[in-house]
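Source file: run30.cif (mmCIF, N, CA and C atoms)
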data_final
#
loop_
_atom_site.label_atom_id
_atom_site.label_comp_id
_atom_site.auth_asym_id
_atom_site.auth_seq_id
_atom_site.Cartn_x
_atom_site.Cartn_y
_atom_site.Cartn_z
N ASP J 160 -17.83 -78.54 40.25
CA ASP J 160 -17.83 -78.63 38.79
C ASP J 160 -18.97 -79.56 38.36
N VAL J 161 -19.86 -79.06 37.53
CA VAL J 161 -21.01 -79.85 37.07
C VAL J 161 -20.80 -80.41 35.66
N GLY J 162 -19.61 -80.22 35.10
CA GLY J 162 -19.29 -80.81 33.81
C GLY J 162 -19.87 -80.09 32.61
N MET J 163 -20.22 -78.82 32.77
CA MET J 163 -20.72 -78.03 31.64
C MET J 163 -20.42 -76.56 31.90
N SER J 164 -20.56 -75.77 30.87
CA SER J 164 -20.29 -74.34 31.01
C SER J 164 -21.35 -73.67 31.87
N ALA J 165 -21.00 -72.54 32.44
CA ALA J 165 -21.95 -71.77 33.26
C ALA J 165 -23.15 -71.35 32.41
N GLN J 166 -22.91 -71.01 31.14
CA GLN J 166 -24.01 -70.59 30.26
C GLN J 166 -25.01 -71.73 30.07
N LYS J 167 -24.52 -72.93 29.82
CA LYS J 167 -25.40 -74.08 29.62
C LYS J 167 -26.15 -74.41 30.92
N PHE J 168 -25.44 -74.36 32.04
CA PHE J 168 -26.06 -74.63 33.34
C PHE J 168 -27.16 -73.60 33.62
N ASN J 169 -26.88 -72.33 33.33
CA ASN J 169 -27.89 -71.29 33.54
C ASN J 169 -29.12 -71.52 32.67
N LYS J 170 -28.92 -71.98 31.44
CA LYS J 170 -30.07 -72.28 30.56
C LYS J 170 -30.94 -73.38 31.16
N LEU J 171 -30.30 -74.39 31.76
CA LEU J 171 -31.06 -75.45 32.43
C LEU J 171 -31.85 -74.88 33.61
N LEU J 172 -31.20 -74.00 34.37
CA LEU J 172 -31.87 -73.39 35.52
C LEU J 172 -33.05 -72.53 35.09
N ILE J 173 -32.90 -71.83 33.99
CA ILE J 173 -34.00 -71.00 33.46
C ILE J 173 -35.15 -71.90 33.01
N SER J 174 -34.83 -72.98 32.31
CA SER J 174 -35.86 -73.92 31.85
C SER J 174 -36.61 -74.56 33.02
N ALA J 175 -35.92 -74.77 34.12
CA ALA J 175 -36.52 -75.39 35.31
C ALA J 175 -37.27 -74.39 36.18
N GLY J 176 -37.20 -73.10 35.82
CA GLY J 176 -37.89 -72.09 36.61
C GLY J 176 -37.16 -71.67 37.87
N ILE J 177 -35.87 -71.99 37.94
CA ILE J 177 -35.05 -71.65 39.11
C ILE J 177 -34.43 -70.26 38.95
N LEU J 178 -34.11 -69.93 37.73
CA LEU J 178 -33.41 -68.69 37.41
C LEU J 178 -34.21 -67.94 36.35
N GLU J 179 -34.15 -66.61 36.39
CA GLU J 179 -34.82 -65.81 35.37
C GLU J 179 -33.89 -64.68 34.92
N VAL J 180 -34.15 -64.20 33.72
CA VAL J 180 -33.39 -63.07 33.18
C VAL J 180 -34.22 -61.83 33.39
N LYS J 181 -33.63 -60.84 34.03
CA LYS J 181 -34.29 -59.55 34.25
C LYS J 181 -33.54 -58.49 33.46
N THR J 182 -34.17 -57.35 33.28
CA THR J 182 -33.52 -56.25 32.58
C THR J 182 -33.61 -54.98 33.40
N ARG J 183 -32.67 -54.10 33.14
CA ARG J 183 -32.68 -52.76 33.73
C ARG J 183 -32.23 -51.78 32.66
N LYS J 184 -32.60 -50.53 32.82
CA LYS J 184 -32.15 -49.51 31.89
C LYS J 184 -30.69 -49.19 32.17
N SER J 185 -29.92 -49.09 31.12
CA SER J 185 -28.53 -48.69 31.23
C SER J 185 -28.46 -47.17 31.33
N SER J 186 -27.33 -46.67 31.74
CA SER J 186 -27.12 -45.22 31.75
C SER J 186 -26.78 -44.72 30.35
N LYS J 187 -26.58 -45.66 29.42
CA LYS J 187 -26.25 -45.30 28.04
C LYS J 187 -27.49 -45.37 27.16
N TYR J 188 -27.46 -44.61 26.09
CA TYR J 188 -28.58 -44.55 25.17
C TYR J 188 -28.10 -44.79 23.75
N LYS J 189 -29.01 -45.27 22.92
CA LYS J 189 -28.74 -45.31 21.49
C LYS J 189 -29.67 -44.29 20.85
N THR J 190 -29.24 -43.73 19.76
CA THR J 190 -30.03 -42.71 19.07
C THR J 190 -30.61 -43.29 17.79
N GLU J 191 -31.91 -43.14 17.64
CA GLU J 191 -32.60 -43.57 16.43
C GLU J 191 -33.48 -42.44 15.95
N LYS J 192 -33.90 -42.55 14.71
CA LYS J 192 -34.80 -41.53 14.16
C LYS J 192 -36.23 -42.04 14.22
N ASP J 193 -37.15 -41.16 14.64
CA ASP J 193 -38.55 -41.55 14.66
C ASP J 193 -39.15 -41.41 13.26
N VAL J 194 -40.46 -41.61 13.13
CA VAL J 194 -41.11 -41.58 11.82
C VAL J 194 -41.01 -40.23 11.13
N ASN J 195 -40.78 -39.17 11.91
CA ASN J 195 -40.65 -37.83 11.35
C ASN J 195 -39.19 -37.45 11.07
N GLY J 196 -38.27 -38.38 11.33
CA GLY J 196 -36.86 -38.10 11.09
C GLY J 196 -36.17 -37.41 12.26
N LYS J 197 -36.89 -37.22 13.35
CA LYS J 197 -36.31 -36.58 14.54
C LYS J 197 -35.53 -37.63 15.34
N GLU J 198 -34.34 -37.23 15.82
CA GLU J 198 -33.53 -38.16 16.62
C GLU J 198 -34.14 -38.33 18.01
N VAL J 199 -34.21 -39.59 18.42
CA VAL J 199 -34.78 -39.93 19.72
C VAL J 199 -33.78 -40.79 20.47
N LYS J 200 -33.57 -40.49 21.76
CA LYS J 200 -32.68 -41.30 22.59
C LYS J 200 -33.48 -42.46 23.18
N ILE J 201 -32.97 -43.66 23.00
CA ILE J 201 -33.61 -44.86 23.54
C ILE J 201 -32.64 -45.51 24.52
N PRO J 202 -33.08 -45.74 25.77
CA PRO J 202 -32.17 -46.36 26.73
C PRO J 202 -31.83 -47.80 26.34
N ILE J 203 -30.59 -48.16 26.53
CA ILE J 203 -30.13 -49.51 26.27
C ILE J 203 -30.50 -50.36 27.49
N LEU J 204 -31.00 -51.57 27.26
CA LEU J 204 -31.36 -52.46 28.35
C LEU J 204 -30.23 -53.44 28.62
N LYS J 205 -29.92 -53.62 29.88
CA LYS J 205 -28.90 -54.58 30.31
C LYS J 205 -29.61 -55.77 30.94
N GLU J 206 -29.13 -56.96 30.68
CA GLU J 206 -29.71 -58.17 31.25
C GLU J 206 -28.87 -58.68 32.41
N PHE J 207 -29.54 -59.27 33.39
CA PHE J 207 -28.86 -59.93 34.50
C PHE J 207 -29.74 -61.08 34.98
N LYS J 208 -29.16 -61.99 35.71
CA LYS J 208 -29.89 -63.16 36.17
C LYS J 208 -30.24 -63.04 37.65
N SER J 209 -31.39 -63.62 37.99
CA SER J 209 -31.90 -63.55 39.35
C SER J 209 -32.63 -64.85 39.67
N LEU J 210 -32.50 -65.32 40.91
CA LEU J 210 -33.23 -66.51 41.32
C LEU J 210 -34.71 -66.18 41.43
N THR J 211 -35.55 -67.11 40.99
CA THR J 211 -36.99 -66.96 41.10
C THR J 211 -37.41 -67.35 42.53
N GLU J 212 -38.69 -67.22 42.81
CA GLU J 212 -39.22 -67.65 44.11
C GLU J 212 -38.88 -69.12 44.35
N LYS J 213 -39.05 -69.94 43.32
CA LYS J 213 -38.72 -71.37 43.40
C LYS J 213 -37.22 -71.56 43.64
N GLY J 214 -36.41 -70.71 43.02
CA GLY J 214 -34.96 -70.82 43.14
C GLY J 214 -34.41 -70.41 44.48
N LEU J 215 -35.18 -69.61 45.23
CA LEU J 215 -34.70 -69.14 46.54
C LEU J 215 -34.56 -70.27 47.55
N LYS J 216 -35.07 -71.45 47.22
CA LYS J 216 -34.87 -72.64 48.07
C LYS J 216 -33.40 -73.08 48.01
N PHE J 217 -32.73 -72.74 46.91
CA PHE J 217 -31.37 -73.21 46.67
C PHE J 217 -30.30 -72.13 46.83
N GLY J 218 -30.71 -70.90 47.09
CA GLY J 218 -29.75 -69.82 47.23
C GLY J 218 -30.44 -68.50 47.50
N LYS J 219 -29.70 -67.43 47.27
CA LYS J 219 -30.26 -66.09 47.47
C LYS J 219 -29.72 -65.16 46.40
N ASN J 220 -30.42 -64.07 46.20
CA ASN J 220 -29.97 -63.04 45.27
C ASN J 220 -29.15 -62.02 46.05
N VAL J 221 -27.95 -61.77 45.59
CA VAL J 221 -27.09 -60.77 46.22
C VAL J 221 -26.86 -59.64 45.23
N ILE J 222 -26.60 -58.46 45.74
CA ILE J 222 -26.33 -57.32 44.88
C ILE J 222 -25.01 -57.55 44.15
N SER J 223 -25.03 -57.32 42.87
CA SER J 223 -23.85 -57.53 42.05
C SER J 223 -22.77 -56.51 42.40
N PRO J 224 -21.52 -56.96 42.54
CA PRO J 224 -20.44 -56.01 42.82
C PRO J 224 -20.15 -55.09 41.64
N LYS J 225 -20.58 -55.48 40.43
CA LYS J 225 -20.30 -54.63 39.26
C LYS J 225 -21.36 -53.57 39.04
N ASN J 226 -22.56 -53.77 39.62
CA ASN J 226 -23.62 -52.76 39.49
C ASN J 226 -24.65 -52.94 40.59
N GLN J 227 -24.88 -51.88 41.35
CA GLN J 227 -25.81 -51.93 42.48
C GLN J 227 -27.26 -52.14 42.07
N LEU J 228 -27.58 -51.96 40.79
CA LEU J 228 -28.96 -52.13 40.32
C LEU J 228 -29.23 -53.56 39.84
N GLU J 229 -28.23 -54.42 39.94
CA GLU J 229 -28.38 -55.80 39.49
C GLU J 229 -28.17 -56.76 40.64
N THR J 230 -28.78 -57.94 40.51
CA THR J 230 -28.52 -59.01 41.46
C THR J 230 -27.77 -60.12 40.73
N GLN J 231 -27.20 -61.00 41.51
CA GLN J 231 -26.60 -62.20 40.95
C GLN J 231 -26.92 -63.34 41.91
N PRO J 232 -27.11 -64.54 41.39
CA PRO J 232 -27.46 -65.66 42.26
C PRO J 232 -26.26 -66.14 43.07
N TYR J 233 -26.54 -66.49 44.31
CA TYR J 233 -25.55 -67.11 45.20
C TYR J 233 -26.19 -68.41 45.67
N TYR J 234 -25.59 -69.54 45.34
CA TYR J 234 -26.17 -70.84 45.66
C TYR J 234 -25.63 -71.35 46.99
N PHE J 235 -26.52 -71.93 47.79
CA PHE J 235 -26.12 -72.53 49.06
C PHE J 235 -25.43 -73.86 48.78
N GLU J 236 -24.22 -74.01 49.29
CA GLU J 236 -23.45 -75.23 49.06
C GLU J 236 -24.22 -76.46 49.55
N SER J 237 -24.90 -76.33 50.68
CA SER J 237 -25.63 -77.46 51.27
C SER J 237 -26.83 -77.90 50.42
N LYS J 238 -27.35 -77.00 49.58
CA LYS J 238 -28.51 -77.30 48.74
C LYS J 238 -28.14 -77.69 47.31
N PHE J 239 -26.85 -77.55 46.97
CA PHE J 239 -26.44 -77.78 45.58
C PHE J 239 -26.70 -79.22 45.10
N PRO J 240 -26.43 -80.24 45.93
CA PRO J 240 -26.75 -81.61 45.47
C PRO J 240 -28.24 -81.78 45.14
N GLU J 241 -29.11 -81.19 45.94
CA GLU J 241 -30.55 -81.26 45.69
C GLU J 241 -30.91 -80.55 44.38
N LEU J 242 -30.24 -79.43 44.12
CA LEU J 242 -30.47 -78.69 42.87
C LEU J 242 -30.04 -79.53 41.67
N LEU J 243 -28.88 -80.16 41.76
CA LEU J 243 -28.40 -81.01 40.67
C LEU J 243 -29.35 -82.17 40.42
N LYS J 244 -29.87 -82.75 41.49
CA LYS J 244 -30.83 -83.86 41.36
C LYS J 244 -32.10 -83.39 40.65
N LEU J 245 -32.58 -82.21 41.01
CA LEU J 245 -33.77 -81.64 40.38
C LEU J 245 -33.56 -81.47 38.88
N LEU J 246 -32.34 -81.10 38.50
CA LEU J 246 -32.01 -80.89 37.08
C LEU J 246 -31.68 -82.20 36.36
N GLY J 247 -31.61 -83.29 37.11
CA GLY J 247 -31.28 -84.59 36.50
C GLY J 247 -29.81 -84.75 36.22
N LEU J 248 -28.98 -84.08 36.99
CA LEU J 248 -27.51 -84.15 36.79
C LEU J 248 -26.85 -84.99 37.87
#

Structure re-expressed in structure tokens:
Amino acid sequence: DVGMSAQKFNKLLISAGILEVKTRKSSKYKTEKDVNGKEVKIPILKEFKSLTEKGLKFGKNVISPKNQLETQPYYFESKFPELLKLLGL
């Protein structure tokens, strides 16, 4: 427990260059009209988080169990104190 929400912790990691937000196309689409009034299907983008090259010192990216096209960070327990120190926590 680092004393803050996962969302706040992730924002710190993103600011430090440890974590990044990536996107992928969803299987779902939204429909909009183009300049001529014709309906166009636009793929919806889904966001997920991934460790950067710098972040791979503290963990690894594993395939998300909820979607094979996404990764999720897995932090090494042995490196977590070093990560907290880097973040000033």

Please identify the strand (DSSP E or B) residues within range 164-219 of chain J (assignment by DSSP from backbone atoms) and present them as an MDAnalysis selection string. chainID J and resid 178:192 198:210 218:219

Residues matched by the PyMOL selection byres (((chain J and resi 236-244 and name CA) around 12) and name CA), written as a PyMOL selection string: chain J and resi 160-162+168+171-172+175-178+213-219+233-235+245-248

Result set, the PyMOL selection byres ((chain J and resi 179) around 6) on current file, as a ChimeraX atom specification: /J:173,177-178,180-181,207-211

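Going from CA of Lys200 in chain J over to CA of Lys187 in chain J, you cover 9.3 Å.
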
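CA of Pro224 in chain J sits 22.6 Å away from CA of Tyr188 in chain J.
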
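Near Leu204 in chain J, within 7 Å and counting only C-alpha atoms, sit J:Thr182, J:Arg183, J:Lys184, J:Ser185; same-chain residues fewer than 5 positions away were not included.
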
I need the chosen residues saved as a PDB file, keeping the file's coordinate frame, with N, CA and C atoms.
ATOM      1  N   THR J 182     -34.170 -57.350  33.280  1.00  0.00           N
ATOM      2  CA  THR J 182     -33.520 -56.250  32.580  1.00  0.00           C
ATOM      3  C   THR J 182     -33.610 -54.980  33.400  1.00  0.00           C
ATOM      4  N   ARG J 183     -32.670 -54.100  33.140  1.00  0.00           N
ATOM      5  CA  ARG J 183     -32.680 -52.760  33.730  1.00  0.00           C
ATOM      6  C   ARG J 183     -32.230 -51.780  32.660  1.00  0.00           C
ATOM      7  N   LYS J 184     -32.600 -50.530  32.820  1.00  0.00           N
ATOM      8  CA  LYS J 184     -32.150 -49.510  31.890  1.00  0.00           C
ATOM      9  C   LYS J 184     -30.690 -49.190  32.170  1.00  0.00           C
ATOM     10  N   SER J 185     -29.920 -49.090  31.120  1.00  0.00           N
ATOM     11  CA  SER J 185     -28.530 -48.690  31.230  1.00  0.00           C
ATOM     12  C   SER J 185     -28.460 -47.170  31.330  1.00  0.00           C
TER      13      SER J 185
END

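Within range 171-202 of chain J, DSSP applied to the backbone places the following residues in helix (DSSP H, G or I): Leu171, Leu172, Ile173 and Ser174 of chain J.
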
Counting all atoms listed in the file, closest pick from J:Pro232, J:Ser174, J:Glu198, J:Gln166 relative to Asn220 in chain J is J:Pro232

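Separating atom C of Gln231 in chain J from atom N of Pro202 in chain J is a distance of 24.7 Å.
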
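Counting all atoms listed in the file, the residue from J:Met163, J:Asn226, J:Lys170, J:Ser186 that sits nearest to Ile203 in chain J is J:Ser186.
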